[in-house]
Structures are given as structure tokens and as C-alpha cells.
file upload.cif (mmCIF, C-alpha atoms and all ligand atoms)
data_data
#
loop_
_atom_site.group_PDB
_atom_site.id
_atom_site.type_symbol
_atom_site.label_atom_id
_atom_site.label_comp_id
_atom_site.auth_asym_id
_atom_site.auth_seq_id
_atom_site.Cartn_x
_atom_site.Cartn_y
_atom_site.Cartn_z
ATOM 1 C CA MET A 1 -55.279 44.865 49.777
ATOM 2 C CA GLY A 2 -57.471 42.386 47.909
ATOM 3 C CA VAL A 3 -59.316 45.259 46.238
ATOM 4 C CA ASN A 4 -56.360 46.339 44.107
ATOM 5 C CA PHE A 5 -55.068 42.885 43.379
ATOM 6 C CA PRO A 6 -54.327 42.701 39.626
ATOM 7 C CA ALA A 7 -55.799 40.080 37.272
ATOM 8 C CA ILE A 8 -52.826 40.246 34.896
ATOM 9 C CA ILE A 9 -49.305 40.614 36.254
ATOM 10 C CA VAL A 10 -46.379 40.840 33.881
ATOM 11 C CA ASN A 11 -43.022 39.819 35.295
ATOM 12 C CA PHE A 12 -40.267 41.779 33.555
ATOM 13 C CA LYS A 13 -37.608 39.298 34.807
ATOM 14 C CA ALA A 14 -34.166 40.445 33.602
ATOM 15 C CA TYR A 15 -35.112 40.681 29.936
ATOM 16 C CA GLU A 16 -33.044 43.395 28.301
ATOM 17 C CA SER A 17 -36.198 44.861 26.778
ATOM 18 C CA ALA A 18 -37.666 45.235 30.264
ATOM 19 C CA LEU A 19 -34.798 46.697 32.292
ATOM 20 C CA GLY A 20 -33.817 50.328 32.829
ATOM 21 C CA GLU A 21 -35.416 52.626 30.271
ATOM 22 C CA GLY A 22 -37.269 49.600 28.868
ATOM 23 C CA ALA A 23 -38.831 48.907 32.267
ATOM 24 C CA ALA A 24 -40.071 52.473 32.575
ATOM 25 C CA LEU A 25 -41.549 52.422 29.065
ATOM 26 C CA LEU A 26 -43.190 49.044 29.557
ATOM 27 C CA ALA A 27 -44.608 49.991 32.961
ATOM 28 C CA ARG A 28 -46.013 53.184 31.432
ATOM 29 C CA LEU A 29 -47.637 51.101 28.698
ATOM 30 C CA HIS A 30 -49.312 48.854 31.296
ATOM 31 C CA ASP A 31 -50.477 51.930 33.162
ATOM 32 C CA THR A 32 -51.986 53.432 30.015
ATOM 33 C CA VAL A 33 -53.720 50.204 28.963
ATOM 34 C CA ALA A 34 -55.087 49.751 32.507
ATOM 35 C CA ARG A 35 -56.460 53.293 32.529
ATOM 36 C CA GLU A 36 -57.964 53.078 29.036
ATOM 37 C CA THR A 37 -59.573 49.662 29.448
ATOM 38 C CA GLY A 38 -60.349 49.670 33.172
ATOM 39 C CA ALA A 39 -58.454 46.365 33.438
ATOM 40 C CA SER A 40 -56.531 45.493 36.522
ATOM 41 C CA LEU A 41 -52.867 45.131 35.532
ATOM 42 C CA GLY A 42 -49.665 44.917 37.529
ATOM 43 C CA VAL A 43 -45.955 44.579 36.820
ATOM 44 C CA ALA A 44 -43.089 42.860 38.631
ATOM 45 C CA VAL A 45 -39.858 44.736 38.054
ATOM 46 C CA SER A 46 -36.201 44.213 38.856
ATOM 47 C CA SER A 47 -35.131 45.911 42.079
ATOM 48 C CA LEU A 48 -32.898 48.028 39.830
ATOM 49 C CA ASP A 49 -36.063 49.597 38.448
ATOM 50 C CA LEU A 50 -38.181 50.166 41.534
ATOM 51 C CA THR A 51 -37.183 53.833 41.638
ATOM 52 C CA ASN A 52 -38.064 54.121 37.923
ATOM 53 C CA THR A 53 -41.490 52.691 38.320
ATOM 54 C CA ALA A 54 -42.961 52.088 41.765
ATOM 55 C CA SER A 55 -44.202 55.562 42.580
ATOM 56 C CA ASN A 56 -44.567 56.859 39.026
ATOM 57 C CA PHE A 57 -47.666 54.927 38.009
ATOM 58 C CA THR A 58 -51.061 54.028 39.413
ATOM 59 C CA ILE A 59 -50.826 50.296 38.616
ATOM 60 C CA PRO A 60 -49.474 48.081 41.407
ATOM 61 C CA VAL A 61 -45.746 47.472 41.076
ATOM 62 C CA PHE A 62 -44.176 44.361 42.569
ATOM 63 C CA ALA A 63 -40.521 43.663 43.317
ATOM 64 C CA GLN A 64 -39.388 40.347 41.832
ATOM 65 C CA HIS A 65 -37.757 39.319 45.095
ATOM 66 C CA VAL A 66 -36.925 40.634 48.558
ATOM 67 C CA ASP A 67 -34.728 39.261 51.331
ATOM 68 C CA PRO A 68 -35.723 38.477 54.934
ATOM 69 C CA VAL A 69 -33.808 41.432 56.351
ATOM 70 C CA GLU A 70 -34.381 44.748 58.066
ATOM 71 C CA TYR A 71 -32.452 47.917 57.243
ATOM 72 C CA GLY A 72 -28.819 47.677 58.309
ATOM 73 C CA ALA A 73 -25.526 46.019 57.485
ATOM 74 C CA ARG A 74 -26.908 43.746 54.741
ATOM 75 C CA THR A 75 -24.633 44.055 51.721
ATOM 76 C CA GLY A 76 -26.420 43.343 48.481
ATOM 77 C CA GLN A 77 -29.701 42.408 50.145
ATOM 78 C CA ILE A 78 -33.117 43.923 49.551
ATOM 79 C CA PRO A 79 -35.041 44.896 52.707
ATOM 80 C CA PRO A 80 -38.839 44.676 52.272
ATOM 81 C CA ALA A 81 -39.178 47.982 54.152
ATOM 82 C CA ALA A 82 -37.069 49.748 51.503
ATOM 83 C CA VAL A 83 -39.165 48.268 48.709
ATOM 84 C CA LYS A 84 -42.323 49.473 50.450
ATOM 85 C CA GLN A 85 -40.796 52.905 50.942
ATOM 86 C CA LEU A 86 -40.035 53.157 47.221
ATOM 87 C CA GLY A 87 -43.755 52.804 46.581
ATOM 88 C CA ALA A 88 -44.056 49.133 45.623
ATOM 89 C CA PHE A 89 -47.380 47.409 46.251
ATOM 90 C CA GLY A 90 -45.905 43.985 46.818
ATOM 91 C CA THR A 91 -43.311 41.412 45.935
ATOM 92 C CA LEU A 92 -43.050 38.086 44.181
ATOM 93 C CA LEU A 93 -41.365 35.403 46.235
ATOM 94 C CA ASN A 94 -40.075 31.920 45.511
ATOM 95 C CA HIS A 95 -40.210 32.264 41.738
ATOM 96 C CA ALA A 96 -38.880 29.200 39.872
ATOM 97 C CA GLU A 97 -35.878 31.344 38.943
ATOM 98 C CA ARG A 98 -35.364 32.454 42.565
ATOM 99 C CA ARG A 99 -36.397 29.565 44.807
ATOM 100 C CA LEU A 100 -36.318 29.927 48.608
ATOM 101 C CA SER A 101 -36.206 27.327 51.347
ATOM 102 C CA LEU A 102 -39.439 27.070 53.332
ATOM 103 C CA GLU A 103 -37.645 28.555 56.318
ATOM 104 C CA VAL A 104 -36.462 31.619 54.412
ATOM 105 C CA LEU A 105 -39.831 31.964 52.694
ATOM 106 C CA GLY A 106 -41.709 31.928 56.012
ATOM 107 C CA LYS A 107 -39.431 34.554 57.515
ATOM 108 C CA THR A 108 -39.628 36.757 54.417
ATOM 109 C CA ILE A 109 -43.442 36.639 54.339
ATOM 110 C CA GLU A 110 -43.520 37.615 58.012
ATOM 111 C CA ILE A 111 -41.291 40.653 57.456
ATOM 112 C CA CYS A 112 -43.284 41.685 54.366
ATOM 113 C CA ARG A 113 -46.497 41.497 56.385
ATOM 114 C CA SER A 114 -45.003 43.664 59.121
ATOM 115 C CA VAL A 115 -44.179 46.438 56.624
ATOM 116 C CA GLY A 116 -47.408 46.108 54.585
ATOM 117 C CA LEU A 117 -45.868 44.625 51.446
ATOM 118 C CA PHE A 118 -48.250 42.281 49.563
ATOM 119 C CA THR A 119 -46.781 38.801 49.025
ATOM 120 C CA LEU A 120 -47.429 36.830 45.842
ATOM 121 C CA VAL A 121 -45.705 33.497 46.354
ATOM 122 C CA CYS A 122 -44.945 31.128 43.477
ATOM 123 C CA ALA A 123 -45.503 27.391 43.803
ATOM 124 C CA GLU A 124 -44.560 24.671 41.342
ATOM 125 C CA SER A 125 -47.026 21.961 42.364
ATOM 126 C CA PRO A 126 -50.306 21.387 44.216
ATOM 127 C CA GLU A 127 -48.259 20.033 47.141
ATOM 128 C CA LYS A 128 -46.234 23.238 47.301
ATOM 129 C CA VAL A 129 -49.416 25.337 47.152
ATOM 130 C CA GLN A 130 -50.609 23.419 50.198
ATOM 131 C CA GLU A 131 -47.316 23.899 52.068
ATOM 132 C CA ILE A 132 -47.097 27.607 51.278
ATOM 133 C CA LEU A 133 -50.634 28.279 52.513
ATOM 134 C CA ALA A 134 -49.380 27.629 56.031
ATOM 135 C CA PHE A 135 -47.454 30.928 55.843
ATOM 136 C CA LYS A 136 -50.635 32.847 54.964
ATOM 137 C CA PRO A 137 -49.301 34.703 51.900
ATOM 138 C CA ASP A 138 -51.594 37.308 50.352
ATOM 139 C CA ALA A 139 -51.766 35.327 47.091
ATOM 140 C CA ILE A 140 -50.197 32.327 45.374
ATOM 141 C CA ALA A 141 -49.128 31.852 41.752
ATOM 142 C CA TYR A 142 -49.076 28.291 40.461
ATOM 143 C CA GLU A 143 -46.411 27.918 37.742
ATOM 144 C CA PRO A 144 -45.286 24.534 36.408
ATOM 145 C CA PRO A 145 -41.561 25.181 35.741
ATOM 146 C CA GLU A 146 -41.390 23.011 32.625
ATOM 147 C CA LEU A 147 -43.858 25.318 30.827
ATOM 148 C CA ILE A 148 -42.166 28.608 31.755
ATOM 149 C CA GLY A 149 -40.933 30.507 28.713
ATOM 150 C CA GLY A 150 -42.582 28.090 26.284
ATOM 151 C CA ASN A 151 -45.488 28.301 23.870
ATOM 152 C CA VAL A 152 -47.825 25.850 25.567
ATOM 153 C CA SER A 153 -49.715 27.542 28.357
ATOM 154 C CA VAL A 154 -50.579 26.173 31.767
ATOM 155 C CA SER A 155 -54.283 26.477 30.912
ATOM 156 C CA GLN A 156 -53.831 24.395 27.733
ATOM 157 C CA ALA A 157 -51.621 21.740 29.304
ATOM 158 C CA GLN A 158 -52.995 21.450 32.832
ATOM 159 C CA PRO A 159 -56.610 22.589 33.169
ATOM 160 C CA GLU A 160 -57.321 19.878 35.717
ATOM 161 C CA VAL A 161 -54.326 20.899 37.848
ATOM 162 C CA ILE A 162 -55.516 24.511 37.796
ATOM 163 C CA ALA A 163 -58.922 23.413 39.098
ATOM 164 C CA ARG A 164 -57.146 21.421 41.796
ATOM 165 C CA VAL A 165 -54.864 24.209 43.004
ATOM 166 C CA VAL A 166 -57.776 26.660 43.004
ATOM 167 C CA ALA A 167 -59.634 24.278 45.323
ATOM 168 C CA ILE A 168 -56.579 23.838 47.556
ATOM 169 C CA ALA A 169 -55.999 27.599 47.792
ATOM 170 C CA GLY A 170 -59.604 28.190 48.906
ATOM 171 C CA ALA A 171 -59.995 31.816 49.980
ATOM 172 C CA THR A 172 -56.385 32.716 49.116
ATOM 173 C CA PRO A 173 -56.346 34.297 45.653
ATOM 174 C CA LEU A 174 -54.572 32.093 43.138
ATOM 175 C CA LEU A 175 -52.946 33.134 39.876
ATOM 176 C CA VAL A 176 -51.592 30.782 37.260
ATOM 177 C CA GLY A 177 -48.623 31.260 34.995
ATOM 178 C CA ALA A 178 -46.246 29.705 32.452
ATOM 179 C CA GLY A 179 -46.607 30.014 28.702
ATOM 180 C CA VAL A 180 -49.536 32.451 28.965
ATOM 181 C CA LYS A 181 -49.723 34.449 25.756
ATOM 182 C CA THR A 182 -53.285 34.805 24.536
ATOM 183 C CA GLU A 183 -56.721 36.107 25.370
ATOM 184 C CA GLN A 184 -57.912 32.501 25.466
ATOM 185 C CA ASP A 185 -55.231 31.554 28.021
ATOM 186 C CA VAL A 186 -56.533 34.285 30.318
ATOM 187 C CA ARG A 187 -60.195 33.435 29.754
ATOM 188 C CA VAL A 188 -59.753 29.705 30.426
ATOM 189 C CA SER A 189 -57.654 30.361 33.549
ATOM 190 C CA LEU A 190 -60.355 32.621 34.986
ATOM 191 C CA GLN A 191 -63.101 30.152 34.053
ATOM 192 C CA LEU A 192 -61.221 27.479 35.983
ATOM 193 C CA GLY A 193 -61.343 29.675 39.073
ATOM 194 C CA ALA A 194 -57.958 31.426 38.969
ATOM 195 C CA ARG A 195 -58.031 35.079 40.050
ATOM 196 C CA GLY A 196 -55.567 36.041 37.380
ATOM 197 C CA VAL A 197 -52.445 35.211 35.401
ATOM 198 C CA LEU A 198 -48.723 35.812 35.820
ATOM 199 C CA LEU A 199 -46.707 35.966 32.610
ATOM 200 C CA ALA A 200 -43.478 37.284 31.171
ATOM 201 C CA SER A 201 -42.165 36.434 27.699
ATOM 202 C CA GLY A 202 -45.564 36.814 26.009
ATOM 203 C CA VAL A 203 -45.275 40.559 26.670
ATOM 204 C CA THR A 204 -41.582 41.285 27.292
ATOM 205 C CA LEU A 205 -40.421 39.599 24.085
ATOM 206 C CA ALA A 206 -43.347 40.612 21.897
ATOM 207 C CA PRO A 207 -42.579 42.899 18.951
ATOM 208 C CA TYR A 208 -45.744 44.870 19.844
ATOM 209 C CA PRO A 209 -46.352 44.472 23.588
ATOM 210 C CA GLU A 210 -49.280 46.875 23.525
ATOM 211 C CA ASP A 211 -51.213 44.643 21.102
ATOM 212 C CA VAL A 212 -50.583 41.585 23.290
ATOM 213 C CA LEU A 213 -51.644 43.421 26.444
ATOM 214 C CA ARG A 214 -54.870 44.619 24.882
ATOM 215 C CA GLN A 215 -55.620 41.048 23.726
ATOM 216 C CA LEU A 216 -54.920 39.649 27.202
ATOM 217 C CA VAL A 217 -57.238 42.241 28.725
ATOM 218 C CA LYS A 218 -60.052 40.998 26.457
ATOM 219 C CA GLY A 219 -59.676 37.621 28.152
ATOM 220 C CA THR A 220 -60.728 39.189 31.472
ATOM 221 C CA ILE A 221 -64.040 40.290 29.986
ATOM 222 C CA SER A 222 -66.592 37.491 30.053
HETATM 223 O O1 LIG A 301 -43.290 34.847 36.307
HETATM 224 C C1 LIG A 301 -43.896 34.501 35.102
HETATM 225 C C2 LIG A 301 -43.243 33.385 34.455
HETATM 226 O O2 LIG A 301 -42.352 32.599 35.098
HETATM 227 C C3 LIG A 301 -43.868 32.814 33.257
HETATM 228 O O3 LIG A 301 -43.000 33.138 32.222
HETATM 229 O O4 LIG A 301 -42.392 33.557 29.937
HETATM 230 O O5 LIG A 301 -43.759 31.564 30.511
HETATM 231 O O6 LIG A 301 -44.785 33.819 30.636
HETATM 232 P P1 LIG A 301 -43.514 33.008 30.733
#
call {"tool": "encode", "arguments": {"input": "upload.cif", "output": "C-alpha cells"}}
result
Amino acid sequence: MGVNFPAIIVNFKAYESALGEGAALLARLHDTVARETGASLGVAVSSLDLTNTASNFTIPVFAQHVDPVEYGARTGQIPPAAVKQLGAFGTLLNHAERRLSLEVLGKTIEICRSVGLFTLVCAESPEKVQEILAFKPDAIAYEPPELIGGNVSVSQAQPEVIARVVAIAGATPLLVGAGVKTEQDVRVSLQLGARGVLLASGVTLAPYPEDVLRQLVKGTIS
């Protein structure tokens, strides 16, 4: 799984520009930019859009959340097996906007592992990174909640924390996110040892998302 793990993952959240038809268009754009530049890109889409995206493109598609359930009488819940069946590569878990208790998180990771769904688990602090490692997720994304959606990036505000969480994560790939918008944000994050970045508004709210994506990709080239 590590082989296909993307260096830039864009979380579409529930932005109007990135739902429904918008999600399909934006995912296609990521797919095109990945193919043309050779960069490793991924997208995290609403479960509403998994059928629109997950098996239509070659880039890895992540669900934004799944529940710790099997198929069955589970009204309104999202079984990891169904997400896998729709063609998703993996799922985000424990995002700041969708926090889980450690108990639920552990159970969800276990079910994802059993169906072959890659888990990218968000953590808001070095302590949380440490705690989450115990569940052996496939990757962790460090995102300080106070910087999410803002214009100051995690790599500008917290370079020393990035270095720390990279060291804590050890062999588990670590992404960083919050406020990431520029080529420089990506470059600095990678220089500090992160395997990639997780971002949202920098692309989903940009007037010209393609230009932003192509700039971000430049940050992956040393
Ligand atoms: O999941 C990515 C995210 O929470 C960061 O959002 O808008 O700061 O890039 P944003």
C-alpha cells in the first residue's frame, strides 16, 4: 500500500464547490495533473461522491469518514467494506471536524484493515500521534485545529512540532496539514521529514484550483 501513498491529498470536505458535479470535476482535475506531472496526488471525498469518483480515476480516492460497522441493519452508517467495494483506496479518520473516541477509532481501524482499506488518521497534537500509533494505522496526518482553514500554514507556524511528530511517528508515514496553500508549504513540510501534506481550502476555494495544484506539485520536486 505504501507504494501508492500520495504526497498531496486534498480533502474536499463539504464545500459546495467540491460536492456532486464539483467533486467529479475536481477529482478529474487532480487525476489529470497527477498524470501530466507524475506527482502523487489523492483526494478525500464525501461519501455522497464515492460512486462519482472512486473507480473513475487512477488517483487514490479516500472517504472522509467510515463507521465501525459491517454490512447490515446500520441506518445512516458507512461500512468500510462498502467503501472498499466502491473502489476507494482508503479513508480519513478522526478529522478535527469528525473526531472519534479512541475506542471507536481502534475498532474502525481494525475493520478497515480487515477489508483492505488504507487508514489515514488525523491527530491534533504530538501526544495524540503517540496514542494513535498504538492502533497501527497506515498513516497519520498531524493537523493543529487552530490553523485549519486559515492562511498561516502548519509549516510556517510549527516547524519544530512537525520535526517532533515525524520523529514520534517513526516508520509510520506522517502527513501534515492546516493552512497549506503554497509550493513553499509543501517543500518545507517535506524537508522537515513529512511524507506529504493534507489540505482543503487552498484548493477547494481557489478561483483557479488547477494553478494551485500545479504550484503545490512543484513543492514536491527538490
Ligand atoms: O483535512 C485538511 C484540513 O483540515 C486542512 O484544511 O483548509 O486548512 O487546508 P485547510
call {"tool": "resolve_selection", "arguments": {"input": "upload.cif", "expression": "the PyMOL selection byres (((chain A and resi 218) around 9) and not hetatm)", "output": "list in words"}}
result
Ala39, Glu183, Gln184, Val186, Arg187, Leu213, Arg214, Gln215, Leu216, Val217, Gly219, Thr220, Ile221 and Ser222 of chain A
call {"tool": "resolve_selection", "arguments": {"input": "upload.cif", "expression": "the PyMOL selection byres (((not hetatm)) within 9 of (chain A and resi 301))", "output": "JSON, numbers by chain"}}
result
{"A": [9, 10, 11, 12, 13, 44, 64, 92, 95, 96, 97, 122, 141, 143, 144, 145, 147, 148, 149, 150, 151, 152, 153, 154, 176, 177, 178, 179, 180, 181, 197, 198, 199, 200, 201, 202, 203, 204, 205]}
call {"tool": "write_last_selection", "arguments": {"input": "upload.cif", "atoms": "C-alpha atoms", "output": "mmCIF file, in the coordinates of the input"}}
result
data_model
loop_
_atom_site.group_PDB
_atom_site.id
_atom_site.type_symbol
_atom_site.label_atom_id
_atom_site.label_comp_id
_atom_site.auth_asym_id
_atom_site.auth_seq_id
_atom_site.Cartn_x
_atom_site.Cartn_y
_atom_site.Cartn_z
ATOM 1 C CA ILE A 9 -49.305 40.614 36.254
ATOM 2 C CA VAL A 10 -46.379 40.840 33.881
ATOM 3 C CA ASN A 11 -43.022 39.819 35.295
ATOM 4 C CA PHE A 12 -40.267 41.779 33.555
ATOM 5 C CA LYS A 13 -37.608 39.298 34.807
ATOM 6 C CA ALA A 44 -43.089 42.860 38.631
ATOM 7 C CA GLN A 64 -39.388 40.347 41.832
ATOM 8 C CA LEU A 92 -43.050 38.086 44.181
ATOM 9 C CA HIS A 95 -40.210 32.264 41.738
ATOM 10 C CA ALA A 96 -38.880 29.200 39.872
ATOM 11 C CA GLU A 97 -35.878 31.344 38.943
ATOM 12 C CA CYS A 122 -44.945 31.128 43.477
ATOM 13 C CA ALA A 141 -49.128 31.852 41.752
ATOM 14 C CA GLU A 143 -46.411 27.918 37.742
ATOM 15 C CA PRO A 144 -45.286 24.534 36.408
ATOM 16 C CA PRO A 145 -41.561 25.181 35.741
ATOM 17 C CA LEU A 147 -43.858 25.318 30.827
ATOM 18 C CA ILE A 148 -42.166 28.608 31.755
ATOM 19 C CA GLY A 149 -40.933 30.507 28.713
ATOM 20 C CA GLY A 150 -42.582 28.090 26.284
ATOM 21 C CA ASN A 151 -45.488 28.301 23.870
ATOM 22 C CA VAL A 152 -47.825 25.850 25.567
ATOM 23 C CA SER A 153 -49.715 27.542 28.357
ATOM 24 C CA VAL A 154 -50.579 26.173 31.767
ATOM 25 C CA VAL A 176 -51.592 30.782 37.260
ATOM 26 C CA GLY A 177 -48.623 31.260 34.995
ATOM 27 C CA ALA A 178 -46.246 29.705 32.452
ATOM 28 C CA GLY A 179 -46.607 30.014 28.702
ATOM 29 C CA VAL A 180 -49.536 32.451 28.965
ATOM 30 C CA LYS A 181 -49.723 34.449 25.756
ATOM 31 C CA VAL A 197 -52.445 35.211 35.401
ATOM 32 C CA LEU A 198 -48.723 35.812 35.820
ATOM 33 C CA LEU A 199 -46.707 35.966 32.610
ATOM 34 C CA ALA A 200 -43.478 37.284 31.171
ATOM 35 C CA SER A 201 -42.165 36.434 27.699
ATOM 36 C CA GLY A 202 -45.564 36.814 26.009
ATOM 37 C CA VAL A 203 -45.275 40.559 26.670
ATOM 38 C CA THR A 204 -41.582 41.285 27.292
ATOM 39 C CA LEU A 205 -40.421 39.599 24.085
#
call {"tool": "axis_aligned_box", "arguments": {"input": "upload.cif", "around": "stretch 50-66 of chain A", "padding_each_side": "5 Å", "output": "AutoDock Vina command-line options"}}
result
--center_x -44.0 --center_y 48.1 --center_z 43.2 --size_x 24.1 --size_y 27.5 --size_z 20.6
call {"tool": "closest_residue", "arguments": {"input": "upload.cif", "among": "A:Glu160, A:Ala169, A:Arg99, A:Glu36", "to": "A:Arg195", "atoms": "only C-alpha atoms"}}
result
A:Ala169
call {"tool": "residues_around", "arguments": {"input": "upload.cif", "residues": "A:Gly193", "least_positions_apart": "4", "cutoff": "8 Å", "atoms": "only C-alpha atoms", "output": "MDAnalysis selection string"}}
result
chainID A and resid 162:163 166 189
call {"tool": "resolve_selection", "arguments": {"input": "upload.cif", "expression": "the PyMOL selection byres (((chain A and resi 173) around 6) and not hetatm)", "output": "PyMOL selection string"}}
result
chain A and resi 139+172+174+195
call {"tool": "atom_distance", "arguments": {"input": "upload.cif", "atom1": "atom CA of A:Pro126", "atom2": "atom CA of A:Leu190"}}
result
17.7 Å
call {"tool": "atom_distance", "arguments": {"input": "upload.cif", "atom1": "atom CA of A:Glu16", "atom2": "atom CA of A:Ala54"}}
result
18.8 Å
call {"tool": "atom_distance", "arguments": {"input": "upload.cif", "atom1": "atom CA of A:Asp138", "atom2": "atom CA of A:Phe5"}}
result
9.6 Å
call {"tool": "closest_residue", "arguments": {"input": "upload.cif", "among": "A:Ser47, A:Ser40, A:Gln191, A:Thr53", "to": "A:Leu25", "atoms": "all atoms listed in the file"}}
result
A:Thr53
call {"tool": "residues_around", "arguments": {"input": "upload.cif", "residues": "A:Leu105", "least_positions_apart": "2", "cutoff": "12 Å", "atoms": "all atoms listed in the file", "output": "number ranges by chain"}}
result
A: 65-69, 92-95, 98-103, 107-112, 119-123, 131-137
call {"tool": "write_last_selection", "arguments": {"input": "upload.cif", "atoms": "C-alpha atoms", "output": "mmCIF file, keeping the file's coordinate frame"}}
result
data_model
loop_
_atom_site.group_PDB
_atom_site.id
_atom_site.type_symbol
_atom_site.label_atom_id
_atom_site.label_comp_id
_atom_site.auth_asym_id
_atom_site.auth_seq_id
_atom_site.Cartn_x
_atom_site.Cartn_y
_atom_site.Cartn_z
ATOM 1 C CA HIS A 65 -37.757 39.319 45.095
ATOM 2 C CA VAL A 66 -36.925 40.634 48.558
ATOM 3 C CA ASP A 67 -34.728 39.261 51.331
ATOM 4 C CA PRO A 68 -35.723 38.477 54.934
ATOM 5 C CA VAL A 69 -33.808 41.432 56.351
ATOM 6 C CA LEU A 92 -43.050 38.086 44.181
ATOM 7 C CA LEU A 93 -41.365 35.403 46.235
ATOM 8 C CA ASN A 94 -40.075 31.920 45.511
ATOM 9 C CA HIS A 95 -40.210 32.264 41.738
ATOM 10 C CA ARG A 98 -35.364 32.454 42.565
ATOM 11 C CA ARG A 99 -36.397 29.565 44.807
ATOM 12 C CA LEU A 100 -36.318 29.927 48.608
ATOM 13 C CA SER A 101 -36.206 27.327 51.347
ATOM 14 C CA LEU A 102 -39.439 27.070 53.332
ATOM 15 C CA GLU A 103 -37.645 28.555 56.318
ATOM 16 C CA LYS A 107 -39.431 34.554 57.515
ATOM 17 C CA THR A 108 -39.628 36.757 54.417
ATOM 18 C CA ILE A 109 -43.442 36.639 54.339
ATOM 19 C CA GLU A 110 -43.520 37.615 58.012
ATOM 20 C CA ILE A 111 -41.291 40.653 57.456
ATOM 21 C CA CYS A 112 -43.284 41.685 54.366
ATOM 22 C CA THR A 119 -46.781 38.801 49.025
ATOM 23 C CA LEU A 120 -47.429 36.830 45.842
ATOM 24 C CA VAL A 121 -45.705 33.497 46.354
ATOM 25 C CA CYS A 122 -44.945 31.128 43.477
ATOM 26 C CA ALA A 123 -45.503 27.391 43.803
ATOM 27 C CA GLU A 131 -47.316 23.899 52.068
ATOM 28 C CA ILE A 132 -47.097 27.607 51.278
ATOM 29 C CA LEU A 133 -50.634 28.279 52.513
ATOM 30 C CA ALA A 134 -49.380 27.629 56.031
ATOM 31 C CA PHE A 135 -47.454 30.928 55.843
ATOM 32 C CA LYS A 136 -50.635 32.847 54.964
ATOM 33 C CA PRO A 137 -49.301 34.703 51.900
#
